[in-house]
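To start, the structure under review is shown below, and the notes come after it.
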Amino acid sequence: MPLRRLPSWVDGNGPSYAKRADAMTLADEIAAQQGLDRAWVRRQIARVRQVPQALERVLPPSPGSRARDWQQYRGNYLQAQRIGAGVEFWRKHEALLSRASVQYGVPAEIIVGILGVETYYGRNTGNFRVIEALTTLSLDFPAAHPRAAARTAFFREELAAFLKKCHAAKLDPFQLRGSFAGALGIPQFMPSNWARYGVDFDGDGRVDLSGSVADAIGSVANYFKSFNWKPGMPTHYTVSFDYALLDLPLLLAPDIKPTFAVEQFTAMGVLLGHDARQHEGPLALVELQNGDYSPSYVAGTENFYAVTRYNWSSYYALAVIELGEAVSQAMVSGRLRDRESATRESPLRENTAREAANEDKSTRM
């Protein structure tokens with residue numbers, strides 16, 4: 001077997017929070033809000049050292065540094081290796097995926113797409129200590145960020161949820177690793193979502209998003225059901241334009257939020273195929289930039305919007321959808337090849353068996 005490369009852990013190497021008054025004030029606030037032991041929360045925060053890498057990664061790219069490019073973004077995920085890993089994952093956990101799909105009404109390909117994009121089916125779940133990432137972003141979030149105040153409040157809520165969950169589950173907060181933003185486990189849930197949407201899908205009495213593939217699959221399906229996934233509804237439709245009628249600024253104003261009825265869409269110059277014209281419910285015109293080339297467009301449904309609740313990005317959502325579809329198609333193709341191979345081999349097996357039987361008879365004569 002090839003040697004498995006050990007993960008490159010990112011541990012806090014900045015200043016300690018043990019003697020910072022604002023850190024202990026935050027610890028006291030969390031303890032009071034969550035009903036936790038004040039001394040225990042203080043001890044956890046006091047053990048944390050700042051993680052400079054987390055502060056660097058939360059800053060948005062500088063304006064004009066790089067044009068958004070859907071085709072390049074897509075290429076990062078629609079790779080043969082990742083599709084192949086998805087097929088392997090689906091085959092190994094087909095019963096779990098089928099059960100989750102039936103129970104929550106969410107297609108297996110969406111669950112597979114999410115896990116493939118988020119962590120390469122559990123291979124890359126993050127190398128930051130979650131408590132250190134969340135504490136760093138709660139106390140030292142970069143003021144240069146355009147939404148610094150809102151993001152600081154967000155990470156403080158996530159730190160509180162994380163400590164509450166660890167205390168309830170009797171987990172050492174310093175043992176859990178995740179992303180630079182504190183997302184953890186195979187599905188990369190933020191701690192509040194771990195508490196809200198995590199499910200014990202393997203029935204062992206706890207929700208383990210890092211060690212239980214079953215819990216990860218069930219929790220992703222439950223997440224989408226909670227965000228109003230509609231069984232049987234497509235995620236999006238292809239579009240073209242009647243440029244004489246096209247009102248692009250008005251169509252793009254709601255961004256990815258489904259807003260327009262089919263009749264409104266067509267009146268503003270969007271040409272839809274037969275299936276899309278039969279769609280019941282609102283649509284959104286989703287624009288995906290392609291660098292220096294013309295943008296791509298799709299008509300997003302309420303299910304497309306549901307995928308963006310996992311990550312508020314149309315690029316992310318379409319990558320998840322297309323990766324899931326690619327894995328599903330590879331699964332079908334693989335089964336067809338297996339069936340054809342079995343069909344070709346069947347006459348050979350029959351001939352071999354017949355020859356063996358004839359030979360056996362001749363020896364007994």
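Convention: chains lettered A, B, ... in structure tokens order; per-chain residue numbering from 1; ligands numbered from 1 as shown.
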Give me the region 106-198 of chain A side of the contact with region 207-231 of chain A, cut-off 12 Å, one line per residue showing its nearest atom pair and distance in Å at one decimal, counting only C-alpha atoms, sorted by chain and residue number, as JSON lines.
```
{"residue": "A:Val106", "atom": "CA", "partner": "A:Ala221", "partner_atom": "CA", "distance": 5.9}
{"residue": "A:Pro107", "atom": "CA", "partner": "A:Pro231", "partner_atom": "CA", "distance": 7.9}
{"residue": "A:Ala108", "atom": "CA", "partner": "A:Ala221", "partner_atom": "CA", "distance": 8.7}
{"residue": "A:Glu109", "atom": "CA", "partner": "A:Ala221", "partner_atom": "CA", "distance": 10.8}
{"residue": "A:Ile110", "atom": "CA", "partner": "A:Ala221", "partner_atom": "CA", "distance": 8.6}
{"residue": "A:Ile111", "atom": "CA", "partner": "A:Val220", "partner_atom": "CA", "distance": 6.4}
{"residue": "A:Val112", "atom": "CA", "partner": "A:Ile217", "partner_atom": "CA", "distance": 8.4}
{"residue": "A:Gly113", "atom": "CA", "partner": "A:Val220", "partner_atom": "CA", "distance": 10.6}
{"residue": "A:Ile114", "atom": "CA", "partner": "A:Val220", "partner_atom": "CA", "distance": 8.0}
{"residue": "A:Leu115", "atom": "CA", "partner": "A:Ile217", "partner_atom": "CA", "distance": 8.3}
{"residue": "A:Gly116", "atom": "CA", "partner": "A:Ile217", "partner_atom": "CA", "distance": 11.7}
{"residue": "A:Glu118", "atom": "CA", "partner": "A:Val220", "partner_atom": "CA", "distance": 11.3}
{"residue": "A:Thr119", "atom": "CA", "partner": "A:Ser210", "partner_atom": "CA", "distance": 10.9}
{"residue": "A:Tyr121", "atom": "CA", "partner": "A:Val213", "partner_atom": "CA", "distance": 9.1}
{"residue": "A:Gly122", "atom": "CA", "partner": "A:Ser210", "partner_atom": "CA", "distance": 8.1}
{"residue": "A:Arg123", "atom": "CA", "partner": "A:Ser210", "partner_atom": "CA", "distance": 10.7}
{"residue": "A:Asn124", "atom": "CA", "partner": "A:Ser210", "partner_atom": "CA", "distance": 10.9}
{"residue": "A:Thr125", "atom": "CA", "partner": "A:Ser210", "partner_atom": "CA", "distance": 8.0}
{"residue": "A:Gly126", "atom": "CA", "partner": "A:Ser210", "partner_atom": "CA", "distance": 10.5}
{"residue": "A:Lys165", "atom": "CA", "partner": "A:Val207", "partner_atom": "CA", "distance": 10.4}
{"residue": "A:Cys166", "atom": "CA", "partner": "A:Val207", "partner_atom": "CA", "distance": 11.5}
{"residue": "A:Ala168", "atom": "CA", "partner": "A:Val207", "partner_atom": "CA", "distance": 11.7}
{"residue": "A:Ala169", "atom": "CA", "partner": "A:Val207", "partner_atom": "CA", "distance": 9.2}
{"residue": "A:Leu171", "atom": "CA", "partner": "A:Asp208", "partner_atom": "CA", "distance": 11.1}
{"residue": "A:Gln175", "atom": "CA", "partner": "A:Ser210", "partner_atom": "CA", "distance": 11.3}
{"residue": "A:Leu176", "atom": "CA", "partner": "A:Ser210", "partner_atom": "CA", "distance": 8.7}
{"residue": "A:Arg177", "atom": "CA", "partner": "A:Ser210", "partner_atom": "CA", "distance": 9.0}
{"residue": "A:Gly178", "atom": "CA", "partner": "A:Ser210", "partner_atom": "CA", "distance": 9.4}
{"residue": "A:Ala183", "atom": "CA", "partner": "A:Leu209", "partner_atom": "CA", "distance": 10.7}
{"residue": "A:Leu184", "atom": "CA", "partner": "A:Ser210", "partner_atom": "CA", "distance": 7.2}
{"residue": "A:Gly185", "atom": "CA", "partner": "A:Ser210", "partner_atom": "CA", "distance": 4.0}
{"residue": "A:Ile186", "atom": "CA", "partner": "A:Ser210", "partner_atom": "CA", "distance": 5.5}
{"residue": "A:Pro187", "atom": "CA", "partner": "A:Ala216", "partner_atom": "CA", "distance": 5.9}
{"residue": "A:Gln188", "atom": "CA", "partner": "A:Leu209", "partner_atom": "CA", "distance": 8.2}
{"residue": "A:Phe189", "atom": "CA", "partner": "A:Leu209", "partner_atom": "CA", "distance": 8.2}
{"residue": "A:Met190", "atom": "CA", "partner": "A:Leu209", "partner_atom": "CA", "distance": 10.9}
{"residue": "A:Pro191", "atom": "CA", "partner": "A:Leu209", "partner_atom": "CA", "distance": 10.6}
{"residue": "A:Asn193", "atom": "CA", "partner": "A:Tyr223", "partner_atom": "CA", "distance": 8.3}
{"residue": "A:Trp194", "atom": "CA", "partner": "A:Leu209", "partner_atom": "CA", "distance": 7.9}
{"residue": "A:Ala195", "atom": "CA", "partner": "A:Val207", "partner_atom": "CA", "distance": 8.8}
{"residue": "A:Arg196", "atom": "CA", "partner": "A:Tyr223", "partner_atom": "CA", "distance": 8.7}
{"residue": "A:Tyr197", "atom": "CA", "partner": "A:Tyr223", "partner_atom": "CA", "distance": 5.6}
{"residue": "A:Gly198", "atom": "CA", "partner": "A:Ser219", "partner_atom": "CA", "distance": 4.7}
```
From the list A:Arg74, A:Lys170, A:Arg82, A:His279, the nearest residue to Glu322 (chain A) using only C-alpha atoms is A:Arg74
Just want the 9 Å neighbourhood of Ser328 (chain A), counted on only C-alpha atoms, with same-chain residues fewer than 2 positions away dropped. Output as JSON, numbers by chain.
{"A": [86, 87, 90, 108, 109, 112, 323, 324, 325, 326, 330, 331, 332, 333]}
Contacts of Pro15 (chain A) at 10 Å (only C-alpha atoms; same-chain gap of 3+ positions) as a tab-separated table (two decimals) with N, CA, C and O atoms, in the first residue's frame:
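What follows is the written file part.tsv:
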```tsv
chain	number	residue	atom	x	y	z
A	12	GLY	N	-2.41	27.22	16.23
A	12	GLY	CA	-2.21	28.62	16.55
A	12	GLY	C	-0.77	28.90	16.96
A	12	GLY	O	-0.24	28.25	17.85
A	18	ALA	N	-4.86	34.09	26.72
A	18	ALA	CA	-5.04	33.83	28.15
A	18	ALA	C	-5.15	35.10	28.98
A	18	ALA	O	-5.92	35.16	29.95
A	19	LYS	N	-4.39	36.14	28.61
A	19	LYS	CA	-4.36	37.35	29.43
A	19	LYS	C	-5.07	38.54	28.78
A	19	LYS	O	-4.94	39.66	29.27
A	20	ARG	N	-5.83	38.27	27.72
A	20	ARG	CA	-6.56	39.37	27.09
A	20	ARG	C	-7.91	39.53	27.76
A	20	ARG	O	-8.71	38.59	27.84
A	48	VAL	N	-6.16	28.95	23.88
A	48	VAL	CA	-6.10	29.27	22.45
A	48	VAL	C	-4.97	30.25	22.15
A	48	VAL	O	-4.74	31.21	22.88
A	49	ARG	N	-4.31	29.98	21.04
A	49	ARG	CA	-3.37	30.96	20.46
A	49	ARG	C	-3.93	31.40	19.11
A	49	ARG	O	-4.57	30.62	18.40
A	50	GLN	N	-3.69	32.63	18.79
A	50	GLN	CA	-4.20	33.20	17.54
A	50	GLN	C	-3.66	32.42	16.33
A	50	GLN	O	-2.53	31.94	16.33
A	51	VAL	N	-4.51	32.31	15.29
A	51	VAL	CA	-4.13	31.65	14.04
A	51	VAL	C	-4.06	32.70	12.94
A	51	VAL	O	-5.08	33.04	12.32
A	52	PRO	N	-2.88	33.26	12.65
A	52	PRO	CA	-2.78	34.30	11.62
A	52	PRO	C	-3.29	33.86	10.25
A	52	PRO	O	-3.83	34.67	9.49
```
With distances taken over only C-alpha atoms, which of A:Met233, A:Leu26, A:Val298, A:Leu78 is nearest to Asp255 (chain A)?
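Selected residue with least distance to Asp255 (chain A): A:Val298.
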List the spatial neighbours of Asp37 (chain A) as a list in words - criterion: any atom at most 12 Å away, only C-alpha atoms, same-chain residues fewer than 4 positions off excluded.
Ala27, Asp28, Glu29, Ile30, Ala31, Ala32, Gln33, Val41, Arg42, Arg43, Gln44, Leu163, Lys164, His167 and Ala168 of chain A
May I have the selected residues written with N, CA, C and O atoms, as a PDB file, in the first residue's frame?
```
ATOM      1  N   ALA A  27     -15.595  34.961  26.943  1.00  0.00           N
ATOM      2  CA  ALA A  27     -15.810  33.664  27.596  1.00  0.00           C
ATOM      3  C   ALA A  27     -16.955  33.751  28.603  1.00  0.00           C
ATOM      4  O   ALA A  27     -17.819  32.856  28.660  1.00  0.00           O
ATOM      5  N   ASP A  28     -16.980  34.822  29.382  1.00  0.00           N
ATOM      6  CA  ASP A  28     -18.049  34.990  30.374  1.00  0.00           C
ATOM      7  C   ASP A  28     -19.411  35.159  29.709  1.00  0.00           C
ATOM      8  O   ASP A  28     -20.423  34.620  30.181  1.00  0.00           O
ATOM      9  N   GLU A  29     -19.437  35.896  28.601  1.00  0.00           N
ATOM     10  CA  GLU A  29     -20.702  36.097  27.872  1.00  0.00           C
ATOM     11  C   GLU A  29     -21.211  34.776  27.312  1.00  0.00           C
ATOM     12  O   GLU A  29     -22.420  34.474  27.395  1.00  0.00           O
ATOM     13  N   ILE A  30     -20.321  33.986  26.738  1.00  0.00           N
ATOM     14  CA  ILE A  30     -20.714  32.682  26.179  1.00  0.00           C
ATOM     15  C   ILE A  30     -21.233  31.776  27.287  1.00  0.00           C
ATOM     16  O   ILE A  30     -22.258  31.104  27.131  1.00  0.00           O
ATOM     17  N   ALA A  31     -20.537  31.749  28.400  1.00  0.00           N
ATOM     18  CA  ALA A  31     -20.966  30.899  29.518  1.00  0.00           C
ATOM     19  C   ALA A  31     -22.366  31.279  29.978  1.00  0.00           C
ATOM     20  O   ALA A  31     -23.213  30.399  30.219  1.00  0.00           O
ATOM     21  N   ALA A  32     -22.619  32.583  30.100  1.00  0.00           N
ATOM     22  CA  ALA A  32     -23.933  33.042  30.562  1.00  0.00           C
ATOM     23  C   ALA A  32     -25.020  32.731  29.539  1.00  0.00           C
ATOM     24  O   ALA A  32     -26.115  32.270  29.886  1.00  0.00           O
ATOM     25  N   GLN A  33     -24.732  32.965  28.259  1.00  0.00           N
ATOM     26  CA  GLN A  33     -25.728  32.757  27.200  1.00  0.00           C
ATOM     27  C   GLN A  33     -26.068  31.280  27.018  1.00  0.00           C
ATOM     28  O   GLN A  33     -27.226  30.921  26.789  1.00  0.00           O
ATOM     29  N   VAL A  41     -15.336  27.441  30.361  1.00  0.00           N
ATOM     30  CA  VAL A  41     -15.215  28.229  29.134  1.00  0.00           C
ATOM     31  C   VAL A  41     -13.948  29.071  29.175  1.00  0.00           C
ATOM     32  O   VAL A  41     -13.202  29.159  28.179  1.00  0.00           O
ATOM     33  N   ARG A  42     -13.672  29.680  30.292  1.00  0.00           N
ATOM     34  CA  ARG A  42     -12.453  30.482  30.420  1.00  0.00           C
ATOM     35  C   ARG A  42     -11.200  29.633  30.170  1.00  0.00           C
ATOM     36  O   ARG A  42     -10.253  30.089  29.500  1.00  0.00           O
ATOM     37  N   ARG A  43     -11.197  28.414  30.682  1.00  0.00           N
ATOM     38  CA  ARG A  43     -10.034  27.548  30.468  1.00  0.00           C
ATOM     39  C   ARG A  43      -9.820  27.247  28.993  1.00  0.00           C
ATOM     40  O   ARG A  43      -8.685  27.206  28.510  1.00  0.00           O
ATOM     41  N   GLN A  44     -10.919  26.993  28.288  1.00  0.00           N
ATOM     42  CA  GLN A  44     -10.784  26.680  26.855  1.00  0.00           C
ATOM     43  C   GLN A  44     -10.238  27.881  26.079  1.00  0.00           C
ATOM     44  O   GLN A  44      -9.302  27.734  25.275  1.00  0.00           O
ATOM     45  N   LEU A 163     -18.663  25.472  21.551  1.00  0.00           N
ATOM     46  CA  LEU A 163     -18.350  25.135  22.943  1.00  0.00           C
ATOM     47  C   LEU A 163     -19.521  24.433  23.621  1.00  0.00           C
ATOM     48  O   LEU A 163     -19.326  23.480  24.386  1.00  0.00           O
ATOM     49  N   LYS A 164     -20.731  24.873  23.326  1.00  0.00           N
ATOM     50  CA  LYS A 164     -21.902  24.222  23.911  1.00  0.00           C
ATOM     51  C   LYS A 164     -22.000  22.771  23.458  1.00  0.00           C
ATOM     52  O   LYS A 164     -22.261  21.857  24.256  1.00  0.00           O
ATOM     53  N   HIS A 167     -19.226  20.648  25.069  1.00  0.00           N
ATOM     54  CA  HIS A 167     -19.492  20.415  26.493  1.00  0.00           C
ATOM     55  C   HIS A 167     -20.569  19.350  26.657  1.00  0.00           C
ATOM     56  O   HIS A 167     -20.435  18.435  27.486  1.00  0.00           O
ATOM     57  N   ALA A 168     -21.630  19.447  25.852  1.00  0.00           N
ATOM     58  CA  ALA A 168     -22.735  18.488  25.955  1.00  0.00           C
ATOM     59  C   ALA A 168     -22.299  17.081  25.563  1.00  0.00           C
ATOM     60  O   ALA A 168     -22.747  16.088  26.152  1.00  0.00           O
TER      61      ALA A 168
END
```
Taking the DSSP secondary structure from the backbone, can you list the residues of region 154-339 of chain A that are strand (DSSP E), as an MDAnalysis selection string?
chainID A and resid 177:178 236:241 270:272 284:290 293:300
Emit the selected residues as an mmCIF file, in the first residue's frame, including N, CA and C atoms.
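The resulting selection.cif:
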```cif
data_model
loop_
_atom_site.group_PDB
_atom_site.id
_atom_site.type_symbol
_atom_site.label_atom_id
_atom_site.label_comp_id
_atom_site.auth_asym_id
_atom_site.auth_seq_id
_atom_site.Cartn_x
_atom_site.Cartn_y
_atom_site.Cartn_z
ATOM 1 N N ARG A 177 -10.807 19.191 14.319
ATOM 2 C CA ARG A 177 -10.175 19.973 13.253
ATOM 3 C C ARG A 177 -11.201 20.306 12.176
ATOM 4 N N GLY A 178 -10.945 21.406 11.484
ATOM 5 C CA GLY A 178 -11.850 21.801 10.410
ATOM 6 C C GLY A 178 -11.202 22.846 9.530
ATOM 7 N N HIS A 236 -32.256 23.617 -12.355
ATOM 8 C CA HIS A 236 -32.101 24.737 -13.286
ATOM 9 C C HIS A 236 -32.445 24.287 -14.703
ATOM 10 N N TYR A 237 -32.605 25.280 -15.570
ATOM 11 C CA TYR A 237 -32.886 25.031 -16.990
ATOM 12 C C TYR A 237 -31.913 25.854 -17.838
ATOM 13 N N THR A 238 -31.640 25.362 -19.035
ATOM 14 C CA THR A 238 -30.828 26.139 -19.974
ATOM 15 C C THR A 238 -31.669 27.290 -20.533
ATOM 16 N N VAL A 239 -30.989 28.327 -20.946
ATOM 17 C CA VAL A 239 -31.693 29.501 -21.489
ATOM 18 C C VAL A 239 -30.967 30.014 -22.724
ATOM 19 N N SER A 240 -31.696 30.751 -23.536
ATOM 20 C CA SER A 240 -31.123 31.592 -24.580
ATOM 21 C C SER A 240 -31.923 32.889 -24.563
ATOM 22 N N PHE A 241 -31.542 33.845 -25.391
ATOM 23 C CA PHE A 241 -32.153 35.173 -25.277
ATOM 24 C C PHE A 241 -32.726 35.664 -26.599
ATOM 25 N N VAL A 270 -36.218 36.077 -22.198
ATOM 26 C CA VAL A 270 -35.554 34.800 -21.924
ATOM 27 C C VAL A 270 -36.298 33.697 -22.669
ATOM 28 N N LEU A 271 -35.583 32.950 -23.480
ATOM 29 C CA LEU A 271 -36.169 31.843 -24.232
ATOM 30 C C LEU A 271 -35.928 30.543 -23.463
ATOM 31 N N LEU A 272 -37.010 29.813 -23.213
ATOM 32 C CA LEU A 272 -36.949 28.587 -22.424
ATOM 33 C C LEU A 272 -37.378 27.393 -23.254
ATOM 34 N N ALA A 284 -35.038 32.313 -11.318
ATOM 35 C CA ALA A 284 -34.041 33.385 -11.247
ATOM 36 C C ALA A 284 -33.104 33.249 -12.439
ATOM 37 N N LEU A 285 -32.717 34.362 -13.028
ATOM 38 C CA LEU A 285 -31.688 34.312 -14.054
ATOM 39 C C LEU A 285 -30.339 34.373 -13.351
ATOM 40 N N VAL A 286 -29.584 33.300 -13.471
ATOM 41 C CA VAL A 286 -28.295 33.178 -12.779
ATOM 42 C C VAL A 286 -27.182 33.440 -13.784
ATOM 43 N N GLU A 287 -26.355 34.412 -13.472
ATOM 44 C CA GLU A 287 -25.239 34.770 -14.343
ATOM 45 C C GLU A 287 -23.934 34.261 -13.753
ATOM 46 N N LEU A 288 -23.121 33.617 -14.596
ATOM 47 C CA LEU A 288 -21.805 33.126 -14.175
ATOM 48 C C LEU A 288 -20.759 33.697 -15.116
ATOM 49 N N GLN A 289 -19.883 34.524 -14.573
ATOM 50 C CA GLN A 289 -18.852 35.160 -15.385
ATOM 51 C C GLN A 289 -17.837 34.134 -15.863
ATOM 52 N N ASN A 290 -17.285 34.384 -17.047
ATOM 53 C CA ASN A 290 -16.267 33.502 -17.626
ATOM 54 C C ASN A 290 -15.001 34.272 -17.970
ATOM 55 N N TYR A 293 -14.398 36.160 -21.356
ATOM 56 C CA TYR A 293 -15.371 35.673 -22.335
ATOM 57 C C TYR A 293 -16.803 35.976 -21.869
ATOM 58 N N SER A 294 -17.751 35.705 -22.715
ATOM 59 C CA SER A 294 -19.150 35.994 -22.397
ATOM 60 C C SER A 294 -19.614 35.157 -21.210
ATOM 61 N N PRO A 295 -20.479 35.712 -20.374
ATOM 62 C CA PRO A 295 -20.981 34.958 -19.227
ATOM 63 C C PRO A 295 -21.848 33.785 -19.656
ATOM 64 N N SER A 296 -22.002 32.824 -18.753
ATOM 65 C CA SER A 296 -22.964 31.735 -18.911
ATOM 66 C C SER A 296 -24.203 32.079 -18.095
ATOM 67 N N TYR A 297 -25.353 31.573 -18.535
ATOM 68 C CA TYR A 297 -26.602 31.843 -17.830
ATOM 69 C C TYR A 297 -27.419 30.566 -17.707
ATOM 70 N N VAL A 298 -28.111 30.425 -16.589
ATOM 71 C CA VAL A 298 -29.103 29.370 -16.411
ATOM 72 C C VAL A 298 -30.302 29.981 -15.696
ATOM 73 N N ALA A 299 -31.443 29.302 -15.818
ATOM 74 C CA ALA A 299 -32.625 29.682 -15.058
ATOM 75 C C ALA A 299 -32.666 28.826 -13.799
ATOM 76 N N GLY A 300 -32.427 29.435 -12.663
ATOM 77 C CA GLY A 300 -32.383 28.702 -11.406
ATOM 78 C C GLY A 300 -33.750 28.572 -10.769
#
```
